[in-house]
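Notes follow the structure.
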There are 4 protein chains.
Amino acid sequence: MAVRRPNLFRTGPLATSRVEAFSDGVLAVVITLLVLEVKVPENLRSNAEVWAAIRHIAPVLLAWAVSFAFVLTFWVSHHYFFASLKHTDRGLLWLNGLFLLSVTLIPFPTGLVGTYPGFSAPLALLSGAMCLTSLSFLFMRVYVTDHARLMLDHIPRRQLRAALIQSAVAPCLYALAVGLALVWPPGAILIQVGVLLLFVL
Amino acid sequence: MAVRRPNLFRTGPLATSRVEAFSDGVLAVVITLLVLEVKVPENLRSNAEVWAAIRHIAPVLLAWAVSFAFVLTFWVSHHYFFASLKHTDRGLLWLNGLFLLSVTLIPFPTGLVGTYPGFSAPLALLSGAMCLTSLSFLFMRVYVTDHARLMLDHIPRRQLRAALIQSAVAPCLYALAVGLALVWPPGAILIQVGVLLLFVL
Amino acid sequence: MAVRRPNLFRTGPLATSRVEAFSDGVLAVVITLLVLEVKVPENLRSNAEVWAAIRHIAPVLLAWAVSFAFVLTFWVSHHYFFASLKHTDRGLLWLNGLFLLSVTLIPFPTGLVGTYPGFSAPLALLSGAMCLTSLSFLFMRVYVTDHARLMLDHIPRRQLRAALIQSAVAPCLYALAVGLALVWPPGAILIQVGVLLLFVL
Amino acid sequence: MAVRRPNLFRTGPLATSRVEAFSDGVLAVVITLLVLEVKVPENLRSNAEVWAAIRHIAPVLLAWAVSFAFVLTFWVSHHYFFASLKHTDRGLLWLNGLFLLSVTLIPFPTGLVGTYPGFSAPLALLSGAMCLTSLSFLFMRVYVTDHARLMLDHIPRRQLRAALIQSAVAPCLYALAVGLALVWPPGAILIQVGVLLLFVL
């Protein structure tokens with residue numbers, strides 16, 4: 001490691017461009033892989049059977065659309081978040097890695113929900129993965145608040161704390177969705193869609 | 001959100017580079033995933049059987065080539081479109097997300113068309129996905145026309161409106177292809193190939 | 001289209017950065033997808049069976065390594081080629097698209113060669129895909145030679161022509177490999193490995 | 001080749017940006033593909049069966065998490081390594097290709113370990129792939145030490161040598177893990193996790 005530090009100190013702190021590029025790559029692959037769960041049905045013998053098969057995979061398409069919107073929302077947040085940073089450091093790289101790990105978990109429970117639409121367990125798992133993702137994003141925000149020198153501009157501490165509290169709402173709601181999924185599944189779906197609408201608007 | 005706005009206001013509006021990188025990523029994955037529908041046939045016992053299997057998957061290869069050209073065309077359009085922008089905002093990010101969602105839908109009906117080449121339903125679905133994609137691209141154009149400050153240069157309103165009308169041709173033709181697919185499938189293929197040739201030339 | 005031209009003329013010709021990013025994306029996905037042909041064998045009951053399964057998929061690993069080296073070589077060439085350009089235009093974007101289409105074809109015959117290592121047909125197909133790829137790359141070179149304003153520096157026409165002749169060697173050798181595959185398969189493999197060594201050294 | 005050299009000499013040595021972008025792409029796809037080994041189980045008939053299936057695939061999830069952390073660690077190292085370079089050359093491009101080839105091998109033994117958690121052979125293979133990856137990374141470091149003009153700053157030769165020795169620790173430990181996997185599997189897992197912790201801390 002001794003090899004790199006001197007260089008890095010001299011060329012100044014690490015730019016954010018490559019973390020952004022790598023994260024863009026992972027999020028782009030995740031968001032596109034989601035559609036692989038929508039499999040071409042086999043042994044169809046007529047147009048009527050094709051339409052029936054499409055109706056049959058409607059829950060998969062719905063689960064896909066919700067997860068797509070979820071990953072997209074976090075890409076937008078990630079975009080704005082890193083646009084507010086001056087540079088990055090090793091700690092933030094690892095937290096970003098944790099965030100990416102949570103996001104790459106999304107396609108698996110999404111596939112489960114699409115395959116077993118009537119069950120509560122897949123819905124609880126999907127809500128759990130979403131909770132983990134939003135939690136790891138909150139970690140990144142907390143870290144940056146504690147390492148203010150990473151940010152582009154000085155922001156009053158009070159204002160930052162208010163923003164963090166706002167950011168903590170999403171993981172709490174998703175945690176609630178995990179519980180709700182087990183007792184009243186439609187509630188979990190409502191929360192998932194609700195949080196997304198909250199983000200977009 | 002309060003955390004980010006002050007930074008963003010001070011560093012000026014959001015650059016387009018990361019939307020372009022993310023879109024490039026998604027389009028690159030989609031265009032490459034298309035080929036996954038071309039599956040290695042199993043249990044072949046001679047060279048003659050290999051050649052026969054290749055002939056058998058010719059429709060898959062054709063569907064793949066058409067969809068490849070379609071995604072490539074939209075990548076070129078996307079490239080030119082964002083090259084004409086000064087910066088982006090939240091609204092355009094979401095519309096771009098809608099565009100990406102439509103594009104990631106393409107591999108599924110492409111696989112259907114390749115697997116059931118004689119059926120009309122897959123062709124109607126593929127035309128539908130293409131219609132949705134070109135429609136969401138039109139939305140982005142309309143949005144930018146309404147938010148002229150996002151553009152690099154002032155363009156006379158009359159000229160913009162003329163351009164929008166031109167852009168509206170593709171979704172209309174694809175909508176027509178959806179209908180045609182159900183009554184006269186070759187017509188839908190002709191429209192799909194025709195629109196592509198129109199774009200390239 | 002009228003919408004874009006004025007902007008583009010004013011901001012100057014299109015930068016090469018996004019074609020490079022998109023091509024990087026496609027090549028990165030292709031080179032990684034190749035490994036998906038190396039499938040985890042099922043129903044193994046002992047360590048001895050695991051080792052036997054590994055020996056069994058040795059041809060797949062070999063086919064994978066050759067195709068990986070092939071795509072990597074073309075990425076290096078693509079990198080150097082675009083580094084020598086000042087900017088790009090619509091014509092080059094389409095030719096680059098043709099190149100990407102040929103490259104995304106590589107995983108399919110690679111999978112065939114790995115699955116049917118003793119057959120000549122898959123080897124002919126792989127050589128054919130390699131021929132197409134190197135041919136489309138030659139097209140890009142020819143195009144740029146004809147549109148010298150795209151290049152960073154003026155290079156004497158005689159020198160360019162000499163370079164083009166050199167570039168035409170690879171597609172010719174791969175075409176030869178297609179023929180050889182059908183009569184003497186080892187010859188095709190020798191050519192494939194030989195051309196790669198020629199590129200690296 | 002004659003075509004490119006003159007341009008490249010005049011525009012100065014090749015920038016590192018595109019190697020970084022391509023490597024980011026490959027690593028992003030590899031890290032996301034890992035999760036494809038976590039397959040949606042079929043024919044589940046109740047929530048209890050879903051939970052049982054989740055417990056059943058716990059080893060797959062664990063293998064996935066370890067390999068994810070491994071690829072992420074090498075991405076961080078790659079990031080810091082290239083940030084310390086002024087520019088790149090053909091030799092480094094090929095060594096980087098060798099590194100990417102080793103990394104793309106990771107998903108296959110990861111899938112094996114997840115599918116056959118009680119066996120020693122898959123663990124030996126995974127350790128072998130990790131050894132190869134860290135070895136090829138060491139090659140890049142050695143190459144750059146020998147071609148000091150590629151680096152941003154002059155670093156005393158003695159300090160570089162010390163750093164190289166440090167870098168050689170990981171491949172040695174992974175080679176040890178290959179041997180340990182065959183006689184005492186838990187030891188191999190301990191080494192794999194231990195090296196990662198060493199990197200992060």
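Ligands are numbered from 1 in the order shown, residues from 1 within each chain, and chains are lettered A, B, ... in the order they appear in the structure tokens.
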
Define the interface residues of chain B facing chain C as those within 9 Å, counting only C-alpha atoms, and report them as a ChimeraX atom specification. /B:20-21,24-29,31-33,35-36,38-42,44-48,50-51,65,68-69,72-73,75-76,79-81,83-85,151-155,159-164,166-167,200

Dump as an mmCIF file, in the first residue's frame, selection limited to C-alpha atoms:
```
data_model
loop_
_atom_site.group_PDB
_atom_site.id
_atom_site.type_symbol
_atom_site.label_atom_id
_atom_site.label_comp_id
_atom_site.auth_asym_id
_atom_site.auth_seq_id
_atom_site.Cartn_x
_atom_site.Cartn_y
_atom_site.Cartn_z
ATOM 1 C CA GLU B 20 -25.429 9.331 -20.605
ATOM 2 C CA ALA B 21 -23.097 6.824 -18.898
ATOM 3 C CA ASP B 24 -25.063 3.707 -22.278
ATOM 4 C CA GLY B 25 -24.696 0.960 -19.688
ATOM 5 C CA VAL B 26 -28.341 -0.108 -19.841
ATOM 6 C CA LEU B 27 -28.442 0.018 -23.659
ATOM 7 C CA ALA B 28 -25.137 -1.891 -23.889
ATOM 8 C CA VAL B 29 -26.453 -4.640 -21.601
ATOM 9 C CA ILE B 31 -28.191 -5.013 -26.867
ATOM 10 C CA THR B 32 -25.865 -7.794 -25.690
ATOM 11 C CA LEU B 33 -28.510 -9.713 -23.724
ATOM 12 C CA VAL B 35 -28.057 -12.660 -28.085
ATOM 13 C CA LEU B 36 -28.741 -14.797 -25.004
ATOM 14 C CA VAL B 38 -29.831 -17.551 -29.301
ATOM 15 C CA LYS B 39 -29.273 -20.700 -27.245
ATOM 16 C CA VAL B 40 -26.725 -23.426 -27.959
ATOM 17 C CA PRO B 41 -28.826 -26.414 -29.162
ATOM 18 C CA GLU B 42 -28.401 -29.645 -27.217
ATOM 19 C CA LEU B 44 -26.551 -32.803 -31.657
ATOM 20 C CA ARG B 45 -24.780 -35.904 -32.969
ATOM 21 C CA SER B 46 -23.234 -34.857 -36.292
ATOM 22 C CA ASN B 47 -22.132 -31.862 -38.346
ATOM 23 C CA ALA B 48 -25.250 -32.258 -40.453
ATOM 24 C CA VAL B 50 -25.393 -28.761 -36.345
ATOM 25 C CA TRP B 51 -26.146 -27.160 -39.719
ATOM 26 C CA ALA B 65 -30.700 -8.591 -35.840
ATOM 27 C CA PHE B 68 -30.203 -5.083 -32.313
ATOM 28 C CA ALA B 69 -30.642 -2.499 -35.075
ATOM 29 C CA LEU B 72 -28.663 0.746 -31.804
ATOM 30 C CA THR B 73 -30.841 3.299 -33.610
ATOM 31 C CA TRP B 75 -28.717 4.713 -28.871
ATOM 32 C CA VAL B 76 -27.644 6.926 -31.799
ATOM 33 C CA HIS B 79 -26.522 10.231 -28.216
ATOM 34 C CA TYR B 80 -27.497 13.111 -30.517
ATOM 35 C CA PHE B 81 -30.325 14.180 -28.228
ATOM 36 C CA ALA B 83 -25.346 16.099 -27.115
ATOM 37 C CA SER B 84 -27.784 18.967 -27.769
ATOM 38 C CA LEU B 85 -28.474 19.497 -24.046
ATOM 39 C CA MET B 151 -30.821 23.097 -24.369
ATOM 40 C CA LEU B 152 -27.452 24.293 -25.550
ATOM 41 C CA ASP B 153 -28.822 26.903 -27.918
ATOM 42 C CA HIS B 154 -31.924 28.827 -28.555
ATOM 43 C CA ILE B 155 -33.867 27.231 -31.403
ATOM 44 C CA GLN B 159 -38.550 24.810 -35.876
ATOM 45 C CA LEU B 160 -38.834 22.765 -32.679
ATOM 46 C CA ARG B 161 -42.503 22.081 -33.279
ATOM 47 C CA ALA B 162 -41.754 20.878 -36.823
ATOM 48 C CA ALA B 163 -39.106 18.563 -35.414
ATOM 49 C CA LEU B 164 -41.521 17.168 -32.824
ATOM 50 C CA GLN B 166 -41.309 14.463 -37.365
ATOM 51 C CA SER B 167 -40.430 12.588 -34.140
ATOM 52 C CA VAL B 200 -30.288 5.208 -40.890
#
```

Using DSSP on the backbone coordinates, identify the residues of stretch 14-170 of chain B assigned to helix (DSSP H, G or I); present them as a ChimeraX atom specification. /B:17-37,47-56,58-83,90-105,107-115,121-146,148-150,157-167,169-170

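Of the listed residues (C:Asn43, C:Thr88, C:Ser67, C:Ser77), C:Thr88 comes nearest to C:Thr16; the distances count only C-alpha atoms.
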
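Between atom CA of C:Ala168 and atom CA of C:Pro117 the interatomic distance comes to 28.8 Å.
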
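The residue set within 7 Å of stretch 140-147 of chain B, counting only C-alpha atoms and dropping same-chain residues fewer than 6 places from it, reads Leu92, Leu95, Asn96 and Leu160 of chain B.
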
Restricted to N, CA and C atoms, what would the selected residues look like written as a PDB file, in the first residue's frame?
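Saved result, result_23.pdb, follows:
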```pdb
ATOM      1  N   LEU B  92     -36.306  15.219 -16.416  1.00  0.00           N
ATOM      2  CA  LEU B  92     -35.740  14.523 -17.578  1.00  0.00           C
ATOM      3  C   LEU B  92     -35.134  13.179 -17.160  1.00  0.00           C
ATOM      4  N   LEU B  95     -38.015  10.771 -17.076  1.00  0.00           N
ATOM      5  CA  LEU B  95     -38.462  10.419 -18.429  1.00  0.00           C
ATOM      6  C   LEU B  95     -37.451   9.503 -19.106  1.00  0.00           C
ATOM      7  N   ASN B  96     -36.176   9.779 -18.864  1.00  0.00           N
ATOM      8  CA  ASN B  96     -35.133   8.909 -19.405  1.00  0.00           C
ATOM      9  C   ASN B  96     -35.266   7.507 -18.807  1.00  0.00           C
ATOM     10  N   LEU B 160     -38.716  23.844 -33.656  1.00  0.00           N
ATOM     11  CA  LEU B 160     -38.834  22.765 -32.679  1.00  0.00           C
ATOM     12  C   LEU B 160     -40.123  21.981 -32.898  1.00  0.00           C
TER      13      LEU B 160
END
```

I want to know what sits within 9 Å of C:Phe70, based on only C-alpha atoms, with residues of the same chain fewer than 6 positions away left out; could you give that as a VMD selection string? chain C and resid 130 192 to 193 196
